[in-house]
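A.B. asks: My structure file model.cif, mmCIF, C-alpha atoms and all ligand atoms, is below:
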data_structure
#
loop_
_atom_site.label_atom_id
_atom_site.label_comp_id
_atom_site.auth_asym_id
_atom_site.auth_seq_id
_atom_site.Cartn_x
_atom_site.Cartn_y
_atom_site.Cartn_z
CA MET A 208 -21.18 13.29 -13.37
CA TYR A 209 -22.53 14.36 -10.05
CA CYS A 210 -22.40 13.02 -6.50
CA LYS A 211 -25.64 12.06 -4.74
CA CYS A 212 -25.24 15.31 -2.74
CA GLY A 213 -25.31 17.39 -5.92
CA LYS A 214 -21.65 18.40 -6.11
CA LYS A 215 -19.34 17.48 -8.97
CA ALA A 216 -18.00 13.96 -8.60
CA ILE A 217 -14.24 13.32 -8.56
CA ILE A 218 -14.43 9.54 -8.62
CA PHE A 219 -16.57 6.91 -10.25
CA ARG A 220 -16.27 3.55 -8.50
CA ARG A 221 -16.84 1.14 -11.34
CA TYR A 222 -17.13 -1.80 -8.93
CA SER A 223 -20.09 -0.30 -7.07
CA GLY A 224 -21.51 2.33 -9.40
CA GLU A 225 -21.05 5.14 -6.84
CA LYS A 226 -20.07 8.63 -7.92
CA LEU A 227 -18.61 10.73 -5.15
CA CYS A 228 -17.56 14.33 -4.64
CA GLU A 229 -14.43 15.19 -2.68
CA ARG A 230 -16.20 15.49 0.66
CA CYS A 231 -18.33 12.36 0.32
CA PHE A 232 -15.30 10.40 -0.93
CA ASN A 233 -13.26 11.40 2.12
CA LYS A 234 -16.06 10.43 4.44
CA SER A 235 -16.53 7.11 2.71
CA MET A 236 -12.81 6.26 2.97
CA VAL A 237 -12.74 6.81 6.74
CA GLU A 238 -16.01 4.88 7.14
CA ARG A 239 -14.69 1.92 5.16
CA VAL A 240 -11.51 1.70 7.21
CA LYS A 241 -13.56 1.96 10.39
CA LYS A 242 -15.81 -0.84 9.17
CA VAL A 243 -12.90 -3.19 8.47
CA ILE A 244 -11.39 -2.44 11.89
CA ARG A 245 -14.74 -3.20 13.56
CA LYS A 246 -15.60 -6.25 11.51
CA TYR A 247 -12.34 -8.01 12.32
CA SER A 248 -11.72 -6.38 15.74
CA LEU A 249 -8.36 -5.10 14.52
CA ILE A 250 -8.05 -2.43 17.20
CA GLU A 251 -9.13 -2.78 20.82
CA LYS A 252 -9.65 -0.25 23.56
CA ASN A 253 -6.42 1.42 24.76
CA ASP A 254 -4.26 -0.29 22.13
CA LEU A 255 -0.97 1.28 21.16
CA ILE A 256 -0.80 0.88 17.38
CA GLY A 257 2.59 0.93 15.72
CA VAL A 258 2.15 2.10 12.13
CA GLY A 259 4.76 1.06 9.61
CA VAL A 260 5.27 4.24 7.61
CA SER A 261 7.52 4.36 4.56
CA GLY A 262 6.63 7.78 3.20
CA GLY A 263 4.77 6.32 0.23
CA LYS A 264 1.09 7.06 -0.34
CA ASP A 265 -0.38 3.93 1.25
CA SER A 266 1.30 4.18 4.64
CA LEU A 267 0.78 7.95 4.92
CA VAL A 268 -2.89 7.59 3.97
CA LEU A 269 -3.20 4.86 6.61
CA LEU A 270 -1.58 7.08 9.22
CA HIS A 271 -3.82 10.03 8.27
CA ILE A 272 -7.01 7.97 8.59
CA LEU A 273 -5.92 6.28 11.83
CA LYS A 274 -5.04 9.69 13.25
CA LYS A 275 -8.59 10.88 12.47
CA LEU A 276 -10.06 7.79 14.14
CA SER A 277 -7.77 8.06 17.18
CA GLU A 278 -9.26 11.48 17.89
CA LYS A 279 -12.66 9.84 18.37
CA TYR A 280 -11.76 6.44 19.76
CA PRO A 281 -9.47 5.40 22.64
CA PHE A 282 -6.27 4.16 21.04
CA ASP A 283 -2.81 5.63 20.43
CA LEU A 284 -0.43 5.75 17.49
CA ILE A 285 3.30 5.68 16.95
CA ALA A 286 4.93 5.78 13.51
CA ILE A 287 7.72 3.29 12.83
CA THR A 288 9.91 3.83 9.80
CA ILE A 289 12.59 1.51 8.48
CA ASP A 290 15.51 3.13 6.69
CA GLU A 291 16.73 0.42 4.33
CA GLY A 292 19.53 2.63 3.06
CA ILE A 293 18.50 3.33 -0.51
CA LYS A 294 20.34 6.43 -1.58
CA GLY A 295 18.34 9.12 -3.36
CA TYR A 296 15.04 7.39 -2.57
CA ARG A 297 14.47 6.48 1.06
CA ASP A 298 16.25 9.59 2.40
CA LYS A 299 13.65 11.71 0.58
CA SER A 300 10.68 9.71 1.82
CA ILE A 301 11.99 9.73 5.41
CA ARG A 302 11.97 13.51 5.36
CA LEU A 303 8.33 13.35 4.26
CA VAL A 304 7.47 10.97 7.11
CA GLN A 305 9.07 13.33 9.63
CA LYS A 306 7.37 16.37 8.16
CA ASN A 307 3.90 14.77 8.17
CA CYS A 308 4.28 13.25 11.65
CA LYS A 309 5.32 16.61 13.02
CA SER A 310 2.33 18.40 11.56
CA TRP A 311 -0.08 15.66 12.70
CA GLY A 312 1.45 15.45 16.20
CA ILE A 313 2.45 11.78 15.94
CA GLU A 314 5.63 10.40 17.46
CA SER A 315 7.97 9.04 14.79
CA LYS A 316 10.69 6.42 15.26
CA ILE A 317 13.27 5.55 12.60
CA TYR A 318 15.44 2.42 12.57
CA SER A 319 18.03 1.56 9.95
CA PHE A 320 19.31 -1.63 8.34
CA LYS A 321 22.82 -0.21 8.74
CA GLU A 322 22.53 0.16 12.48
CA GLU A 323 20.69 -3.12 13.05
CA PHE A 324 22.38 -5.41 10.52
CA GLY A 325 25.61 -3.60 9.66
CA TYR A 326 24.78 -2.96 5.99
CA THR A 327 22.58 -0.60 4.00
CA LEU A 328 20.47 -2.22 1.26
CA ASP A 329 22.72 -0.52 -1.31
CA GLU A 330 25.74 -2.26 0.29
CA ILE A 331 23.91 -5.61 0.40
CA VAL A 332 23.12 -5.35 -3.32
CA LYS A 333 26.81 -4.83 -4.08
CA ARG A 334 27.83 -7.85 -2.00
CA ASP A 335 25.24 -10.32 -3.26
CA ARG A 336 24.28 -10.27 -6.91
CA GLU A 337 22.38 -13.56 -6.83
CA LEU A 338 19.37 -12.88 -4.61
CA SER A 339 17.12 -9.97 -5.53
CA PRO A 340 17.30 -6.82 -3.37
CA CYS A 341 13.60 -7.29 -2.60
CA SER A 342 14.17 -10.67 -0.94
CA TYR A 343 16.59 -9.12 1.55
CA CYS A 344 14.52 -6.00 1.95
CA GLY A 345 11.24 -7.84 2.66
CA VAL A 346 12.71 -10.23 5.22
CA PHE A 347 14.78 -7.59 7.02
CA ARG A 348 12.00 -5.03 7.09
CA ARG A 349 9.45 -7.47 8.51
CA TYR A 350 11.96 -8.62 11.16
CA LEU A 351 12.88 -5.10 12.22
CA LEU A 352 9.30 -3.78 12.24
CA ASN A 353 8.20 -6.64 14.48
CA LYS A 354 11.16 -6.34 16.84
CA LYS A 355 10.87 -2.57 17.23
CA ALA A 356 7.07 -2.59 17.55
CA ARG A 357 7.42 -5.13 20.35
CA GLU A 358 10.18 -3.15 22.09
CA LEU A 359 8.04 -0.01 21.88
CA GLY A 360 5.21 -1.87 23.58
CA CYS A 361 2.85 -1.85 20.59
CA ASP A 362 -0.22 -4.08 20.78
CA LYS A 363 -0.57 -4.22 16.98
CA LEU A 364 1.49 -3.33 13.97
CA ALA A 365 -0.55 -1.66 11.24
CA VAL A 366 0.74 -1.82 7.67
CA GLY A 367 -0.48 0.02 4.58
CA HIS A 368 -1.25 -2.90 2.24
CA ASN A 369 -4.15 -1.98 -0.04
CA LEU A 370 -6.62 -4.12 -2.00
CA ASP A 371 -4.30 -4.35 -5.00
CA ASP A 372 -1.31 -5.46 -2.90
CA GLU A 373 -3.44 -8.11 -1.22
CA VAL A 374 -5.04 -9.63 -4.32
CA GLN A 375 -1.69 -9.66 -6.11
CA THR A 376 -0.14 -11.58 -3.20
CA ILE A 377 -3.07 -13.98 -2.96
CA LEU A 378 -2.94 -14.79 -6.68
CA MET A 379 0.86 -15.09 -6.62
CA ASN A 380 0.72 -17.58 -3.76
CA PHE A 381 -1.96 -19.58 -5.56
CA LEU A 382 -0.07 -19.67 -8.85
CA ARG A 383 3.17 -20.63 -7.16
CA GLY A 384 1.47 -23.21 -4.96
CA ASP A 385 2.99 -21.47 -1.97
CA LEU A 386 0.48 -22.25 0.73
CA SER A 387 2.93 -21.60 3.55
CA ARG A 388 2.67 -17.88 2.89
CA PHE A 389 -1.10 -17.90 2.91
CA GLY A 390 -1.36 -16.96 6.54
CA ARG A 391 0.11 -13.54 5.84
CA THR A 392 -2.80 -12.21 3.82
CA GLY A 393 -5.65 -13.00 6.16
CA SER A 394 -8.41 -10.54 7.00
CA TYR A 395 -7.95 -11.03 10.72
CA TYR A 396 -4.86 -11.70 12.75
CA ILE A 397 -3.87 -14.80 14.60
CA ARG A 398 -1.70 -14.44 17.66
CA LEU A 399 1.02 -16.95 16.87
CA ASN A 400 3.44 -16.14 19.63
CA GLU A 401 3.91 -13.43 22.23
CA LYS A 402 7.04 -12.24 20.44
CA PHE A 403 5.15 -11.68 17.18
CA VAL A 404 3.24 -8.41 17.27
CA PRO A 405 -0.05 -9.06 15.40
CA ARG A 406 -0.03 -7.33 11.99
CA ILE A 407 -3.21 -5.59 10.91
CA LYS A 408 -4.11 -4.21 7.47
CA PRO A 409 -6.87 -1.63 7.80
CA LEU A 410 -6.56 -0.63 4.09
CA ARG A 411 -6.89 -4.11 2.64
CA GLU A 412 -10.31 -3.28 1.13
CA ILE A 413 -9.22 0.07 -0.33
CA PRO A 414 -8.20 0.03 -4.01
CA GLU A 415 -4.73 1.46 -4.59
CA LYS A 416 -6.15 4.14 -6.85
CA GLU A 417 -8.30 5.47 -4.03
CA ASP A 418 -5.21 5.80 -1.82
CA VAL A 419 -3.74 8.06 -4.49
CA ILE A 420 -6.92 10.12 -4.69
CA TYR A 421 -7.15 10.38 -0.90
CA ALA A 422 -3.56 11.63 -0.71
CA LEU A 423 -4.26 14.22 -3.43
CA VAL A 424 -7.55 15.40 -1.97
CA ASN A 425 -6.07 15.85 1.51
CA ASN A 426 -2.85 17.45 0.26
CA ILE A 427 -0.76 14.77 1.92
CA ASP A 428 2.83 15.22 0.83
CA VAL A 429 3.83 11.73 -0.35
CA GLU A 430 6.76 10.25 -2.22
CA PHE A 431 5.44 9.54 -5.70
CA SER A 432 8.63 8.10 -7.17
CA GLU A 433 9.24 4.37 -7.27
CA CYS A 434 11.90 2.34 -5.52
CA PRO A 435 15.00 2.06 -7.78
CA TYR A 436 15.06 -1.70 -7.11
CA ALA A 437 12.25 -2.15 -9.62
CA GLY A 438 10.35 -4.80 -7.67
CA GLU A 439 9.52 -8.35 -8.56
CA ALA A 440 8.85 -8.98 -12.24
CA TYR A 441 6.35 -11.69 -11.35
CA ARG A 442 4.29 -9.34 -9.22
CA ASN A 443 4.32 -6.73 -11.98
CA ASN A 444 2.87 -9.26 -14.43
CA ILE A 445 0.15 -10.23 -11.96
CA ARG A 446 -0.67 -6.57 -11.35
CA GLU A 447 -1.06 -5.97 -15.09
CA PHE A 448 -3.26 -9.03 -15.44
CA LEU A 449 -5.51 -8.05 -12.53
CA ASN A 450 -5.85 -4.47 -13.78
CA LYS A 451 -6.81 -5.77 -17.21
CA MET A 452 -9.40 -8.14 -15.74
CA GLU A 453 -10.77 -5.36 -13.55
CA MET A 454 -11.29 -3.17 -16.64
CA GLU A 455 -13.32 -5.97 -18.21
CA GLN A 456 -15.13 -6.99 -15.05
CA PRO A 457 -15.05 -4.22 -12.44
CA THR A 458 -15.51 -6.46 -9.42
CA THR A 459 -12.65 -8.85 -10.13
CA LYS A 460 -10.39 -7.68 -7.30
CA TYR A 461 -13.10 -7.68 -4.66
CA SER A 462 -14.37 -11.09 -5.76
CA LEU A 463 -10.89 -12.53 -5.43
CA LEU A 464 -10.51 -11.03 -1.97
CA ARG A 465 -13.92 -12.31 -0.87
CA SER A 466 -13.23 -15.82 -2.15
CA TYR A 467 -9.96 -15.85 -0.30
CA ASP A 468 -11.55 -14.55 2.89
CA LYS A 469 -13.98 -17.45 2.79
CA ILE A 470 -11.18 -20.00 2.41
CA TYR A 471 -8.87 -18.39 4.93
CA PRO A 472 -10.47 -19.63 8.17
CA LEU A 473 -10.32 -23.20 6.84
CA LEU A 474 -6.67 -22.82 5.91
CA ALA A 475 -5.54 -20.82 8.90
CA LYS A 476 -6.02 -23.69 11.33
CA ASN A 477 -3.69 -25.89 9.33
CA LEU A 478 -1.12 -23.17 8.73
CA THR A 479 -0.32 -22.40 12.34
CA LYS A 480 3.05 -23.95 12.87
CA GLU A 481 4.94 -24.26 16.08
CA VAL A 482 6.95 -21.14 16.77
CA ARG A 483 10.44 -21.43 18.17
CA TYR A 484 13.16 -18.93 18.94
CA CYS A 485 16.13 -18.31 16.68
CA ARG A 486 19.25 -19.96 18.08
CA ASN A 487 21.25 -16.95 17.03
CA CYS A 488 19.20 -13.83 17.81
CA GLY A 489 16.29 -15.10 19.93
CA GLU A 490 13.59 -13.71 17.64
CA PRO A 491 10.56 -15.93 16.95
CA THR A 492 10.87 -18.22 13.92
CA ILE A 493 9.60 -21.46 12.44
CA GLY A 494 13.04 -23.00 11.87
CA GLU A 495 16.18 -23.33 13.99
CA ILE A 496 17.64 -20.11 12.69
CA CYS A 497 15.51 -17.20 11.51
CA LYS A 498 15.51 -16.11 7.88
CA THR A 499 17.19 -12.82 8.75
CA CYS A 500 20.15 -14.50 10.47
CA GLU A 501 20.38 -16.99 7.59
CA LEU A 502 20.59 -14.20 5.03
CA LEU A 503 23.08 -12.23 7.13
CA GLU A 504 25.37 -15.27 7.39
CA ASN A 505 25.63 -15.44 3.61
CA LEU A 506 26.71 -11.84 3.23
CA MET B 267 -4.28 21.43 -28.60
CA ILE B 268 -4.31 19.48 -25.34
CA LYS B 269 -1.30 19.60 -23.07
CA VAL B 270 -0.59 16.39 -21.16
CA ARG B 271 1.98 16.10 -18.41
CA LEU B 272 3.04 12.58 -17.42
CA LEU B 273 4.29 12.54 -13.85
CA ARG B 274 5.89 9.11 -13.95
CA GLU B 275 7.72 9.61 -17.22
CA ASN B 276 8.45 13.24 -16.33
CA LYS B 277 7.41 14.24 -19.87
CA GLU B 278 5.07 16.65 -21.58
CA LYS B 279 3.04 15.78 -24.65
CA PHE B 280 0.73 17.69 -26.94
CA ILE B 281 -2.27 15.95 -28.41
CA GLU B 282 -4.45 17.27 -31.22
CA TYR B 283 -7.94 18.13 -30.01
CA SER B 284 -10.91 16.45 -31.63
CA ARG B 285 -14.60 16.49 -30.76
CA GLY B 286 -15.95 13.73 -28.54
CA LEU B 287 -12.58 12.92 -27.03
CA LYS B 288 -12.78 11.62 -23.45
CA ILE B 289 -10.14 11.48 -20.74
CA GLU B 290 -10.18 7.68 -20.96
CA ASP B 291 -9.30 7.84 -24.68
CA ILE B 292 -6.22 9.91 -23.88
CA LEU B 293 -5.27 7.51 -21.09
CA GLU B 294 -5.56 4.57 -23.42
CA SER B 295 -3.44 6.22 -26.10
CA LEU B 296 -0.72 6.71 -23.46
CA GLY B 297 -0.83 3.10 -22.23
CA TYR B 298 -2.82 3.86 -19.08
CA SER B 299 -6.34 3.01 -17.91
CA SER B 300 -8.68 4.16 -15.17
CA GLU B 301 -7.14 1.43 -13.01
CA THR B 302 -3.56 2.63 -13.42
CA ALA B 303 -3.81 6.42 -13.39
CA VAL B 304 -5.54 9.34 -11.71
CA VAL B 305 -6.10 12.37 -13.93
CA LYS B 306 -6.17 16.00 -12.97
CA ARG B 307 -7.89 18.09 -15.60
CA ASN B 308 -7.03 21.77 -15.34
CA GLY B 309 -5.90 21.13 -11.77
CA LYS B 310 -8.97 19.17 -10.65
CA ILE B 311 -9.26 15.41 -10.13
CA SER B 312 -11.59 14.20 -12.88
CA ILE B 313 -13.58 11.16 -13.83
CA GLU B 314 -12.29 9.26 -16.86
CA ASP B 315 -15.45 9.52 -18.93
CA GLU B 316 -15.49 13.32 -18.95
CA TYR B 317 -15.21 14.97 -22.35
CA ILE B 318 -12.06 16.94 -23.09
CA GLU B 319 -12.25 20.53 -24.27
CA ASP B 320 -9.75 22.27 -26.49
CA ASN B 321 -6.77 23.76 -24.61
CA ASP B 322 -7.32 21.51 -21.58
CA GLU B 323 -4.31 20.64 -19.49
CA LEU B 324 -4.11 17.10 -18.12
CA LEU B 325 -1.83 15.73 -15.44
CA ILE B 326 -1.43 11.93 -15.40
CA ILE B 327 -0.62 10.59 -11.94
CA PRO B 328 0.40 6.93 -11.89
CA VAL B 329 -1.29 4.65 -9.38
CA ILE B 330 1.81 2.52 -8.85
CA SER B 331 4.27 4.36 -6.67
CA GLY B 332 5.98 4.46 -3.34
CA GLY B 333 5.90 1.53 -0.96
ZN ZN A 601 -21.07 14.44 -2.31
ZN ZN A 602 17.82 -14.81 14.12
#
Show me this structure written as structure tokens.
Ligand SMILES: [Zn+2]
Ligand SMILES: [Zn+2]

C.D. replies:
Amino acid sequence: MYCKCGKKAIIFRRYSGEKLCERCFNKSMVERVKKVIRKYSLIEKNDLIGVGVSGGKDSLVLLHILKKLSEKYPFDLIAITIDEGIKGYRDKSIRLVQKNCKSWGIESKIYSFKEEFGYTLDEIVKRDRELSPCSYCGVFRRYLLNKKARELGCDKLAVGHNLDDEVQTILMNFLRGDLSRFGRTGSYYIRLNEKFVPRIKPLREIPEKEDVIYALVNNIDVEFSECPYAGEAYRNNIREFLNKMEMEQPTTKYSLLRSYDKIYPLLAKNLTKEVRYCRNCGEPTIGEICKTCELLENL
Amino acid sequence: MIKVRLLRENKEKFIEYSRGLKIEDILESLGYSSETAVVKRNGKISIEDEYIEDNDELLIIPVISGG
């Protein structure tokens, strides 16, 4: 199969029928990210964008594309990495983050669970065998990313969620009837409170597979192993289901995203709750005490 | 004979060559699909409906990783 430019194609996008060579694929990825940023005004002039970078393919691909765009448009980048303290896994990916940031000339900041909360994730897992490691990890990581992005003066916090991550979350929230989490997957951001740095997801229309291909094509050194805390079983089932449906009907994932995007503005108005400040740590929260402080108390 | 290296499983497999075999057939026989894996054929990223030739070497890169 050949690209429209005549070179050998490396990807066939079943959802659109396009066949692209390496060069045209690369161009198309940057264009698509640019389009999403424009469409939803995710980045404004002179913004400082904090990029949550784990060392996995998605966040490094995001950083690589944003770096390219920042050379043409007036905004700045800073990489923020959270070290959860997962021995044999995160230490490796942190070295990759540092290596890539150095070669791309991007400032890199690393903050650890241990320093901020007193425990590594490995230590937390040993202390609490009831809650899943992912429930601690997700809450703590979101808390720390927001706090540090704000302290660094970031206007936005960009995260590497791809199309697959997004549609999995959307379907999970639907199936669980969890409408309170719906606000997190929106296409555009809502400024809830001055202490919440708006989160943006420039890769939310990029299929996960294309992140892998982009990393390979651009020789981006990424961590290809998986987190030892296997992830949520429920999400894994949803992922399998969506991949199966996509094989049968190659626009399934995009259709789901589009449907959600149409509903989102109607929901968003009703989902904005009053934001208060945690009695314990002063961070913004919906309740009296933030989820992070609540979890820490139980440890 | 086709040599297949599976990155996620950290394994190597040999598959008997037969005419008309496509990359997607090999993926399927290994429990993958074009949604869940990227394939390098003789070192080059390749589309799933390409035909395999005898003595090809495939590398199966899983789509789920990192985070
Ligand atoms: Zn081309
Ligand atoms: Zn708190």

A.B. asks: Given a cut-off of 8 Å, what residues near ligand ZN 602 (chain A) show up using all atoms listed in the file, put as a list in words?

C.D. replies: Tyr484, Cys485, Arg486, Asn487, Cys488, Gly489, Glu490, Pro491, Thr492, Ile496, Cys497, Lys498, Thr499, Cys500 and Glu501 of chain A

A.B. asks: I'd like the neighbourhood of Arg307 in chain B as an MDAnalysis selection string, where a residue qualifies if any of its atoms comes within 8 Å (using all atoms listed in the file), though same-chain residues fewer than 4 positions away should be ignored.

C.D. replies: chainID B and resid 311:312 322:325

A.B. asks: May I have a table of the residues of chain A lying at most 9 Å from ligand ZN 601 (chain A), giving each one's closest pair of atoms and their distance in Å to one decimal, counting only C-alpha atoms and all ligand atoms, ordered by chain and ascending residue number, as JSON lines?

C.D. replies:
{"residue": "A:Tyr209", "atom": "CA", "partner": "A:ZN601", "partner_atom": "ZN", "distance": 7.9}
{"residue": "A:Cys210", "atom": "CA", "partner": "A:ZN601", "partner_atom": "ZN", "distance": 4.6}
{"residue": "A:Lys211", "atom": "CA", "partner": "A:ZN601", "partner_atom": "ZN", "distance": 5.7}
{"residue": "A:Cys212", "atom": "CA", "partner": "A:ZN601", "partner_atom": "ZN", "distance": 4.3}
{"residue": "A:Gly213", "atom": "CA", "partner": "A:ZN601", "partner_atom": "ZN", "distance": 6.3}
{"residue": "A:Lys214", "atom": "CA", "partner": "A:ZN601", "partner_atom": "ZN", "distance": 5.5}
{"residue": "A:Lys215", "atom": "CA", "partner": "A:ZN601", "partner_atom": "ZN", "distance": 7.5}
{"residue": "A:Ala216", "atom": "CA", "partner": "A:ZN601", "partner_atom": "ZN", "distance": 7.0}
{"residue": "A:Lys226", "atom": "CA", "partner": "A:ZN601", "partner_atom": "ZN", "distance": 8.1}
{"residue": "A:Leu227", "atom": "CA", "partner": "A:ZN601", "partner_atom": "ZN", "distance": 5.3}
{"residue": "A:Cys228", "atom": "CA", "partner": "A:ZN601", "partner_atom": "ZN", "distance": 4.2}
{"residue": "A:Glu229", "atom": "CA", "partner": "A:ZN601", "partner_atom": "ZN", "distance": 6.7}
{"residue": "A:Arg230", "atom": "CA", "partner": "A:ZN601", "partner_atom": "ZN", "distance": 5.8}
{"residue": "A:Cys231", "atom": "CA", "partner": "A:ZN601", "partner_atom": "ZN", "distance": 4.3}
{"residue": "A:Phe232", "atom": "CA", "partner": "A:ZN601", "partner_atom": "ZN", "distance": 7.2}

A.B. asks: For chain A, list the residues within 6 Å of chain B, counting only C-alpha atoms, and write the list as an MDAnalysis selection string.

C.D. replies: chainID A and resid 217:218 263 416 430:433

A.B. asks: Could you tell me, as a list in words, which residues have any atom at most 7 Å from (-5.5, 18.7, -26.6), counting only C-alpha atoms?

C.D. replies: Met267, Ile268, Lys269, Phe280, Ile281, Glu282, Tyr283, Asp320, Asn321 and Asp322 of chain B

A.B. asks: Show me, as JSON, numbers by chain, the residues that have an atom within 9 Å of Glu373 in chain A when counting all atoms listed in the file, minus same-chain residues fewer than 5 positions from it.

C.D. replies: {"A": [368, 378, 392, 411, 412, 464]}
